[in-house]
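Structure data follow from work-v3.pdb (PDB, C-alpha atoms):
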```
ATOM      1  CA  MET A 568     140.419 107.925  44.182
ATOM      2  CA  LEU A 569     142.332 105.290  42.288
ATOM      3  CA  PRO A 570     145.828 104.393  43.525
ATOM      4  CA  PHE A 571     148.293 103.009  41.024
ATOM      5  CA  ILE A 572     147.173  99.611  39.781
ATOM      6  CA  LYS A 573     148.047  97.708  36.650
ATOM      7  CA  GLY A 574     146.060  99.310  33.866
ATOM      8  CA  PRO A 575     144.795  97.946  30.570
ATOM      9  CA  GLU A 576     147.437  96.846  28.058
ATOM     10  CA  SER A 577     147.582  98.216  24.548
ATOM     11  CA  SER A 578     147.882  95.590  21.840
ATOM     12  CA  VAL A 579     150.523  97.688  20.046
ATOM     13  CA  GLY A 580     153.408  99.892  21.175
ATOM     14  CA  LEU A 581     151.547 103.143  21.846
ATOM     15  CA  PRO A 582     147.856 103.488  22.727
ATOM     16  CA  VAL A 583     145.683 104.320  19.764
ATOM     17  CA  GLN A 584     144.346 107.870  20.044
ATOM     18  CA  SER A 585     140.612 107.564  20.642
ATOM     19  CA  GLN A 586     137.861 109.959  19.721
ATOM     20  CA  SER A 587     137.247 110.748  23.400
ATOM     21  CA  ALA A 588     138.609 114.296  23.252
ATOM     22  CA  THR A 589     136.656 115.182  20.106
ATOM     23  CA  LEU A 590     133.408 113.727  21.415
ATOM     24  CA  LEU A 591     133.768 115.513  24.750
ATOM     25  CA  ARG A 592     134.476 118.851  23.035
ATOM     26  CA  GLN A 593     131.373 118.379  20.896
ATOM     27  CA  GLU A 594     129.260 117.560  23.944
ATOM     28  CA  LEU A 595     130.552 120.558  25.900
ATOM     29  CA  SER A 596     129.954 122.844  22.916
ATOM     30  CA  ALA A 597     126.314 121.786  22.595
ATOM     31  CA  ARG A 598     125.750 121.760  26.348
ATOM     32  CA  ASN A 599     127.229 125.234  26.880
ATOM     33  CA  ALA A 600     125.392 126.752  23.924
ATOM     34  CA  ALA A 601     122.141 125.663  25.565
ATOM     35  CA  TYR A 602     123.340 126.659  29.057
ATOM     36  CA  ALA A 603     124.392 130.159  27.929
ATOM     37  CA  THR A 604     121.150 130.751  26.052
ATOM     38  CA  LEU A 605     118.942 129.513  28.874
ATOM     39  CA  ASN A 606     120.725 131.681  31.446
ATOM     40  CA  GLN A 607     121.120 134.668  29.092
ATOM     41  CA  LEU A 608     124.896 134.721  29.487
ATOM     42  CA  SER A 609     127.080 136.831  27.204
ATOM     43  CA  HIS A 610     129.108 134.518  24.974
ATOM     44  CA  VAL A 611     130.521 133.888  21.509
ATOM     45  CA  VAL A 612     131.369 130.759  19.538
ATOM     46  CA  SER A 613     134.833 130.141  18.115
ATOM     47  CA  TYR A 614     135.456 129.640  14.397
ATOM     48  CA  GLY A 615     136.481 126.329  12.885
ATOM     49  CA  GLU A 616     135.320 122.736  12.635
ATOM     50  CA  SER A 617     135.156 122.240  16.418
ATOM     51  CA  PRO A 618     133.443 125.382  17.742
ATOM     52  CA  VAL A 619     133.836 126.201  21.437
ATOM     53  CA  VAL A 620     131.562 128.426  23.524
ATOM     54  CA  VAL A 621     133.573 131.260  25.076
ATOM     55  CA  TYR A 622     132.057 133.478  27.763
ATOM     56  CA  GLU A 623     132.465 137.156  28.542
ATOM     57  CA  GLN A 624     132.525 138.868  31.890
ATOM     58  CA  SER A 625     129.349 140.765  32.759
ATOM     59  CA  ASP A 626     129.226 144.541  32.244
ATOM     60  CA  CYS A 627     129.395 145.066  36.012
ATOM     61  CA  GLY A 628     132.507 142.893  36.205
ATOM     62  CA  LEU A 629     131.142 140.810  39.063
ATOM     63  CA  LYS A 630     129.868 137.815  37.095
ATOM     64  CA  HIS A 631     131.249 135.520  34.420
ATOM     65  CA  GLY A 632     129.275 132.911  32.508
ATOM     66  CA  ASN A 633     132.035 130.322  32.734
ATOM     67  CA  PHE A 634     131.908 130.308  36.548
ATOM     68  CA  ILE A 635     129.361 129.536  39.201
ATOM     69  CA  PRO A 636     128.691 132.969  40.791
ATOM     70  CA  VAL A 637     129.857 132.179  44.336
ATOM     71  CA  SER A 638     133.182 130.798  43.104
ATOM     72  CA  TYR A 639     133.721 133.802  40.836
ATOM     73  CA  ARG A 640     133.083 136.246  43.674
ATOM     74  CA  ALA A 641     135.598 134.345  45.817
ATOM     75  CA  ILE A 642     138.166 134.500  42.996
ATOM     76  CA  LEU A 643     137.758 138.264  42.644
ATOM     77  CA  LYS A 644     138.358 138.738  46.375
ATOM     78  CA  ASN A 645     141.650 136.803  46.336
ATOM     79  CA  SER A 646     144.459 138.597  44.493
ATOM     80  CA  GLU A 647     146.421 135.392  43.818
ATOM     81  CA  TRP A 648     143.390 133.605  42.411
ATOM     82  CA  ARG A 649     142.301 136.664  40.414
ATOM     83  CA  ARG A 650     145.699 136.811  38.707
ATOM     84  CA  ARG A 651     145.014 133.360  37.281
ATOM     85  CA  LEU A 652     142.127 134.838  35.275
ATOM     86  CA  GLU A 653     144.556 137.007  33.292
ATOM     87  CA  LYS A 654     146.102 134.169  31.244
ATOM     88  CA  VAL A 655     145.697 135.291  27.619
ATOM     89  CA  HIS A 656     143.980 132.872  25.223
ATOM     90  CA  SER A 657     146.827 131.750  22.940
ATOM     91  CA  GLN A 658     144.540 131.367  19.896
ATOM     92  CA  GLY A 659     142.022 134.078  20.769
ATOM     93  CA  LYS A 660     143.037 136.523  18.034
ATOM     94  CA  TYR A 661     142.717 133.822  15.367
ATOM     95  CA  VAL A 662     139.642 131.808  16.320
ATOM     96  CA  LEU A 663     137.427 134.289  18.195
ATOM     97  CA  PRO A 664     135.602 137.480  17.187
ATOM     98  CA  LYS A 665     137.493 140.716  17.765
ATOM     99  CA  LYS A 666     136.583 142.726  20.849
ATOM    100  CA  GLU A 667     137.969 145.438  23.079
ATOM    101  CA  GLY A 668     140.719 143.902  25.185
ATOM    102  CA  VAL A 669     141.800 140.288  24.814
ATOM    103  CA  TRP A 670     140.227 136.890  25.274
ATOM    104  CA  ARG A 671     141.444 134.880  28.268
ATOM    105  CA  GLU A 672     142.062 131.146  28.500
ATOM    106  CA  LEU A 673     139.617 130.756  31.371
ATOM    107  CA  ASP A 674     136.830 132.307  29.277
ATOM    108  CA  ALA A 675     136.548 129.052  27.296
ATOM    109  CA  SER A 676     133.946 126.472  28.285
ATOM    110  CA  THR A 677     136.547 123.738  27.669
ATOM    111  CA  SER A 678     139.111 125.227  30.076
ATOM    112  CA  SER A 679     140.254 122.657  32.635
ATOM    113  CA  ASP A 680     141.682 125.500  34.769
ATOM    114  CA  ALA A 681     138.260 127.154  34.893
ATOM    115  CA  LEU A 682     136.676 123.853  35.934
ATOM    116  CA  LEU A 683     139.326 123.420  38.628
ATOM    117  CA  MET A 684     138.696 126.914  40.020
ATOM    118  CA  ASN A 685     134.922 126.545  39.862
ATOM    119  CA  ILE A 686     135.264 123.636  42.267
ATOM    120  CA  PHE A 687     138.121 124.594  44.568
ATOM    121  CA  CYS A 688     137.305 128.314  44.901
ATOM    122  CA  TYR A 689     133.769 127.443  45.998
ATOM    123  CA  PRO A 690     133.483 128.819  49.566
ATOM    124  CA  GLY A 691     133.999 126.152  52.219
ATOM    125  CA  VAL A 692     134.497 123.270  49.770
ATOM    126  CA  THR A 693     137.830 122.131  51.254
ATOM    127  CA  ARG A 694     136.283 122.100  54.731
ATOM    128  CA  LYS A 695     134.046 119.198  53.733
ATOM    129  CA  ARG A 696     135.329 116.039  55.404
ATOM    130  CA  ALA A 697     134.327 113.787  52.522
ATOM    131  CA  LEU A 698     136.301 115.868  50.044
ATOM    132  CA  ALA A 699     139.352 116.144  52.309
ATOM    133  CA  ALA A 700     139.364 112.370  52.799
ATOM    134  CA  LEU A 701     138.981 111.741  49.070
ATOM    135  CA  LEU A 702     141.901 114.027  48.199
ATOM    136  CA  GLY A 703     144.141 113.194  51.133
ATOM    137  CA  ILE A 704     144.346 116.796  52.342
ATOM    138  CA  GLU A 705     143.821 118.521  55.666
ATOM    139  CA  ILE A 706     140.390 120.047  56.250
ATOM    140  CA  GLY A 707     140.455 123.705  55.233
ATOM    141  CA  ASP A 708     143.622 123.621  53.109
ATOM    142  CA  ILE A 709     143.782 126.648  50.776
ATOM    143  CA  PRO A 710     144.424 125.986  47.071
ATOM    144  CA  GLN A 711     147.398 127.558  45.314
ATOM    145  CA  PHE A 712     146.946 127.788  41.542
ATOM    146  CA  GLY A 713     149.869 127.881  39.113
ATOM    147  CA  PHE A 714     152.388 126.581  41.661
ATOM    148  CA  ARG A 715     155.916 126.744  40.174
ATOM    149  CA  PRO A 716     158.331 124.200  41.707
ATOM    150  CA  ARG A 717     161.891 123.595  40.503
ATOM    151  CA  LEU A 718     163.428 120.692  38.673
ATOM    152  CA  ASP A 719     167.193 120.136  38.787
ATOM    153  CA  LEU A 720     169.025 119.518  35.513
ATOM    154  CA  ILE A 721     172.140 117.400  35.024
ATOM    155  CA  THR A 722     174.037 120.598  34.129
ATOM    156  CA  GLY A 723     173.448 121.973  37.637
ATOM    157  CA  ALA A 724     170.919 124.507  36.368
ATOM    158  CA  ILE A 725     167.278 124.508  37.436
ATOM    159  CA  GLU A 726     164.048 124.602  35.461
ATOM    160  CA  ARG A 727     160.672 125.832  36.646
ATOM    161  CA  THR A 728     157.551 123.915  35.766
ATOM    162  CA  GLU A 729     153.939 124.783  36.516
ATOM    163  CA  VAL A 730     151.515 122.683  38.544
ATOM    164  CA  ASP A 731     147.828 123.471  38.003
ATOM    165  CA  MET A 732     147.089 123.415  41.724
ATOM    166  CA  LYS A 733     148.818 122.661  44.994
ATOM    167  CA  LEU A 734     146.528 121.815  47.899
ATOM    168  CA  GLY A 735     148.274 120.913  51.128
ATOM    169  CA  ASN A 736     150.906 118.355  50.161
ATOM    170  CA  VAL A 737     149.085 117.255  47.004
ATOM    171  CA  LEU A 738     149.959 118.453  43.483
ATOM    172  CA  PHE A 739     147.173 118.391  40.889
ATOM    173  CA  GLU A 740     147.182 118.207  37.093
ATOM    174  CA  ALA A 741     143.746 118.994  35.607
ATOM    175  CA  LYS A 742     142.549 117.760  32.212
ATOM    176  CA  LEU A 743     139.264 118.070  30.354
ATOM    177  CA  THR A 744     139.369 118.149  26.524
ATOM    178  CA  GLU A 745     143.142 118.346  26.054
ATOM    179  CA  SER A 746     144.262 115.774  23.498
ATOM    180  CA  ASP A 747     147.084 114.295  25.601
ATOM    181  CA  PHE A 748     149.789 115.007  28.185
ATOM    182  CA  GLN A 749     152.124 116.435  25.508
ATOM    183  CA  THR A 750     155.184 114.996  23.785
ATOM    184  CA  GLN A 751     158.759 116.213  24.217
ATOM    185  CA  ALA A 752     162.089 115.454  22.555
ATOM    186  CA  ALA A 753     164.267 112.918  24.360
ATOM    187  CA  LYS A 754     167.190 115.359  24.606
ATOM    188  CA  VAL A 755     164.976 117.723  26.610
ATOM    189  CA  VAL A 756     163.500 115.092  28.930
ATOM    190  CA  GLU A 757     166.845 113.427  29.615
ATOM    191  CA  ARG A 758     168.257 116.667  31.057
ATOM    192  CA  TYR A 759     166.478 116.026  34.372
ATOM    193  CA  SER A 760     168.967 114.862  36.962
ATOM    194  CA  ILE A 761     166.773 112.269  38.711
ATOM    195  CA  LEU A 762     164.968 110.925  35.634
ATOM    196  CA  ASP A 763     166.686 107.538  35.569
ATOM    197  CA  SER A 764     166.399 107.045  39.322
ATOM    198  CA  VAL A 765     162.643 107.686  39.281
ATOM    199  CA  PHE A 766     161.667 105.880  36.068
ATOM    200  CA  GLU A 767     162.623 102.712  34.220
ATOM    201  CA  LEU A 768     163.809 104.658  31.175
ATOM    202  CA  GLN A 769     163.723 101.720  28.769
ATOM    203  CA  GLU A 770     160.062 101.151  29.607
ATOM    204  CA  LEU A 771     158.850 104.733  29.167
ATOM    205  CA  PRO A 772     156.559 105.075  26.125
ATOM    206  CA  ARG A 773     158.076 106.928  23.180
ATOM    207  CA  GLN A 774     157.077 108.233  19.809
ATOM    208  CA  GLY A 775     160.112 108.258  17.560
ATOM    209  CA  GLN A 776     162.820 110.301  19.288
ATOM    210  CA  SER A 777     160.382 111.802  21.795
ATOM    211  CA  TYR A 778     158.828 110.809  25.114
ATOM    212  CA  VAL A 779     155.050 110.894  25.381
ATOM    213  CA  SER A 780     153.110 112.158  28.421
ATOM    214  CA  TYR A 781     155.809 114.723  29.165
ATOM    215  CA  GLN A 782     153.581 116.586  31.643
ATOM    216  CA  LEU A 783     153.126 113.457  33.727
ATOM    217  CA  LEU A 784     156.857 112.765  33.739
ATOM    218  CA  ARG A 785     157.675 116.225  35.048
ATOM    219  CA  LYS A 786     154.993 116.205  37.741
ATOM    220  CA  VAL A 787     156.058 112.795  39.041
ATOM    221  CA  LEU A 788     159.641 114.090  39.238
ATOM    222  CA  VAL A 789     158.407 117.123  41.201
ATOM    223  CA  ALA A 790     156.374 114.920  43.558
ATOM    224  CA  ASP A 791     159.457 112.799  44.191
ATOM    225  CA  GLY A 792     161.634 115.830  44.880
ATOM    226  CA  LEU A 793     159.125 117.439  47.261
ATOM    227  CA  ASN A 794     158.074 114.143  48.868
ATOM    228  CA  ALA A 795     154.556 115.189  47.868
ATOM    229  CA  HIS A 796     151.506 113.397  46.489
ATOM    230  CA  PHE A 797     150.447 113.805  42.864
ATOM    231  CA  CYS A 798     146.883 113.522  41.575
ATOM    232  CA  VAL A 799     145.635 113.741  38.007
ATOM    233  CA  LEU A 800     142.071 115.027  37.662
ATOM    234  CA  LEU A 801     140.364 114.005  34.438
ATOM    235  CA  ASP A 802     136.962 113.202  33.035
ATOM    236  CA  ALA A 803     135.629 109.659  33.240
ATOM    237  CA  ARG A 804     134.733 109.999  29.549
ATOM    238  CA  ARG A 805     138.454 110.227  28.662
ATOM    239  CA  SER A 806     139.504 106.591  28.579
ATOM    240  CA  ASP A 807     142.451 107.565  26.361
ATOM    241  CA  LEU A 808     143.990 109.706  29.103
ATOM    242  CA  VAL A 809     143.457 106.952  31.647
ATOM    243  CA  GLU A 810     145.497 104.610  29.449
ATOM    244  CA  GLN A 811     148.270 107.191  29.089
ATOM    245  CA  TRP A 812     148.368 107.578  32.882
ATOM    246  CA  TYR A 813     148.781 103.842  33.481
ATOM    247  CA  ARG A 814     151.573 103.561  30.902
ATOM    248  CA  ILE A 815     153.629 106.106  32.830
ATOM    249  CA  MET A 816     152.798 104.775  36.296
ATOM    250  CA  ARG A 817     154.004 101.304  35.326
ATOM    251  CA  CYS A 818     157.475 102.795  34.798
ATOM    252  CA  VAL A 819     157.852 104.379  38.255
ATOM    253  CA  ARG A 820     160.565 102.498  40.142
ATOM    254  CA  ALA A 821     159.740 103.118  43.823
ATOM    255  CA  VAL A 822     156.612 101.566  45.323
ATOM    256  CA  ASP A 823     156.297 104.456  47.781
ATOM    257  CA  LEU A 824     156.209 107.013  44.951
ATOM    258  CA  ARG A 825     153.689 104.965  42.972
ATOM    259  CA  THR A 826     151.350 104.919  45.968
ATOM    260  CA  ARG A 827     151.637 108.708  46.201
ATOM    261  CA  CYS A 828     150.485 109.071  42.580
ATOM    262  CA  LYS A 829     146.738 108.829  42.052
ATOM    263  CA  LEU A 830     144.051 109.353  39.447
ATOM    264  CA  LEU A 831     140.693 110.884  40.293
ATOM    265  CA  THR A 832     137.809 111.664  37.944
ATOM    266  CA  TRP A 833     135.741 114.833  38.052
ATOM    267  CA  GLN A 834     132.733 112.565  38.484
ATOM    268  CA  GLU A 835     134.172 111.048  41.676
ATOM    269  CA  LEU A 836     135.071 114.504  42.937
ATOM    270  CA  ALA A 837     131.563 115.808  42.214
ATOM    271  CA  GLY A 838     130.140 113.308  44.678
ATOM    272  CA  ALA A 839     131.900 115.110  47.556
ATOM    273  CA  VAL A 840     131.004 118.746  46.789
ATOM    274  CA  PRO A 841     127.960 120.819  47.884
ATOM    275  CA  THR A 842     124.649 120.161  46.140
ATOM    276  CA  ALA A 843     124.529 123.516  44.335
ATOM    277  CA  LEU A 844     127.964 122.871  42.871
ATOM    278  CA  GLN A 845     126.933 119.357  41.847
ATOM    279  CA  THR A 846     123.968 120.819  39.943
ATOM    280  CA  PHE A 847     126.207 123.351  38.183
ATOM    281  CA  LEU A 848     128.714 120.667  37.149
ATOM    282  CA  ALA A 849     125.958 118.436  35.818
ATOM    283  CA  GLU A 850     124.250 121.175  33.798
ATOM    284  CA  LYS A 851     127.297 122.902  32.355
ATOM    285  CA  TYR A 852     129.825 120.073  32.028
ATOM    286  CA  GLY A 853     127.722 116.912  32.059
ATOM    287  CA  ILE A 854     129.731 115.798  35.093
ATOM    288  CA  ILE A 855     127.389 113.591  37.083
ATOM    289  CA  ALA A 856     128.429 112.681  40.607
ATOM    290  CA  ALA A 857     129.651 109.102  40.820
TER     291      ALA A 857
END
```
Structure translated into structure tokens:
Amino acid sequence: MLPFIKGPESSVGLPVQSQSATLLRQELSARNAAYATLNQLSHVVSYGESPVVVYEQSDCGLKHGNFIPVSYRAILKNSEWRRRLEKVHSQGKYVLPKKEGVWRELDASTSSDALLMNIFCYPGVTRKRALAALLGIEIGDIPQFGFRPRLDLITGAIERTEVDMKLGNVLFEAKLTESDFQTQAAKVVERYSILDSVFELQELPRQGQSYVSYQLLRKVLVADGLNAHFCVLLDARRSDLVEQWYRIMRCVRAVDLRTRCKLLTWQELAGAVPTALQTFLAEKYGIIAA
């Protein structure tokens, strides 16, 4: 796990958007097409220039091609985890073939939430000492997906944000093929009551009248408010996201908060999970244990 350190500098104001996301989507598309065919898994391919393999649940309802079987069975047994599967695919009706029912976000082979649950719903995974040490959690901590903490606004109102996973006292943001950490208008970001006490506002990267990496800003604010740790999980092939992370971390005022904010790659994480899960991650995602 990488603590905050001074990252690479961009030669211009904002980092140039690389082709990392596009290349990774293309790799996952080809890899999952082969994986689904080899394992005879029910799936479709989305329309458009960047097709994505999207899986369907088995007829018996007990298996799903986008999940390693033992993790999927564990998800179905836990009502809180199972509810996470119900997130509707926002573009499903436009980019996927029609079917009975609706397509779900976690059906997609590029879903970072599905990847997160494949790993952390795997039975006994958080009881592994190597993994607990890597993440800074207690052995046996139970993951909570879609955690919704509060953020105080300068008006006295509160706003709820969503954290991909909370494990012990660590908050996690998971990324795979997402293009960035989102951009938000300055008037929205500057509503947060502790923004200027947590960040050097003049140093935060902007794009016109908007702040970039909005998701990172909010999660760091949450970590500060809860006195929690914050960890971004991303693919080692996404050098563009690594750069965006460092640009935000350089603007955090307090040394203590910076040391509680970390970056971890899926490849590093894969080195601490059971062998069967390592094999699955390598075959389906091309995530090779570091």
Picked residues, the PyMOL selection byres ((chain A and resi 606) around 12), expected as an MDAnalysis selection string: chainID A and resid 599:605 607:610 631:633 635 850:851
Could you check which of A:Asp747, A:Glu810, A:Asp791, A:Glu740 is closest to Ser764 of chain A, using all atoms listed in the file? A:Asp791
Result set, the PyMOL selection byres ((chain A and resi 779-787) around 8) on current file, as a PyMOL selection string: chain A and resi 728+730+738+747-751+756+772-774+777-778+788-791+797+811-812+815+828
What's the 12 Å shell around Ala675 of chain A, counting all atoms listed in the file, without same-chain residues fewer than 2 positions away, as an NGL selection string? :A and (592 or 595-596 or 599-600 or 610-613 or 618-624 or 631-634 or 652 or 654-659 or 662-663 or 670-673 or 677-682 or 743-744)
Could you tell me how far atom CA of Ser638 of chain A sits from atom CA of Tyr689 of chain A, in Å to one decimal place?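 Rounded to one decimal, the two atoms are 4.5 Å apart.
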Could you pull the residues within 12 Å of Glu647 of chain A, counting all atoms listed in the file, minus those fewer than 4 positions along the same chain, as a CSV table (one decimal) with C-alpha atoms, in the frame of the given file?
```csv
chain,number,residue,atom,x,y,z
A,641,ALA,CA,135.6,134.3,45.8
A,642,ILE,CA,138.2,134.5,43.0
A,643,LEU,CA,137.8,138.3,42.6
A,651,ARG,CA,145.0,133.4,37.3
A,652,LEU,CA,142.1,134.8,35.3
A,653,GLU,CA,144.6,137.0,33.3
A,688,CYS,CA,137.3,128.3,44.9
A,709,ILE,CA,143.8,126.6,50.8
A,710,PRO,CA,144.4,126.0,47.1
A,711,GLN,CA,147.4,127.6,45.3
A,712,PHE,CA,146.9,127.8,41.5
A,713,GLY,CA,149.9,127.9,39.1
A,714,PHE,CA,152.4,126.6,41.7
```
As a check of understanding, name the residues that the PyMOL selection byres ((chain A and resi 717) around 10) selects in the supplied structure, as a PDB file with C-alpha atoms, in the coordinates of the input.
```pdb
ATOM      1  CA  ARG A 715     155.916 126.744  40.174  1.00  0.00           C
ATOM      2  CA  PRO A 716     158.331 124.200  41.707  1.00  0.00           C
ATOM      3  CA  LEU A 718     163.428 120.692  38.673  1.00  0.00           C
ATOM      4  CA  ASP A 719     167.193 120.136  38.787  1.00  0.00           C
ATOM      5  CA  LEU A 720     169.025 119.518  35.513  1.00  0.00           C
ATOM      6  CA  ALA A 724     170.919 124.507  36.368  1.00  0.00           C
ATOM      7  CA  ILE A 725     167.278 124.508  37.436  1.00  0.00           C
ATOM      8  CA  GLU A 726     164.048 124.602  35.461  1.00  0.00           C
ATOM      9  CA  ARG A 727     160.672 125.832  36.646  1.00  0.00           C
ATOM     10  CA  THR A 728     157.551 123.915  35.766  1.00  0.00           C
ATOM     11  CA  GLU A 729     153.939 124.783  36.516  1.00  0.00           C
ATOM     12  CA  LEU A 788     159.641 114.090  39.238  1.00  0.00           C
ATOM     13  CA  VAL A 789     158.407 117.123  41.201  1.00  0.00           C
ATOM     14  CA  GLY A 792     161.634 115.830  44.880  1.00  0.00           C
ATOM     15  CA  LEU A 793     159.125 117.439  47.261  1.00  0.00           C
TER      16      LEU A 793
END
```
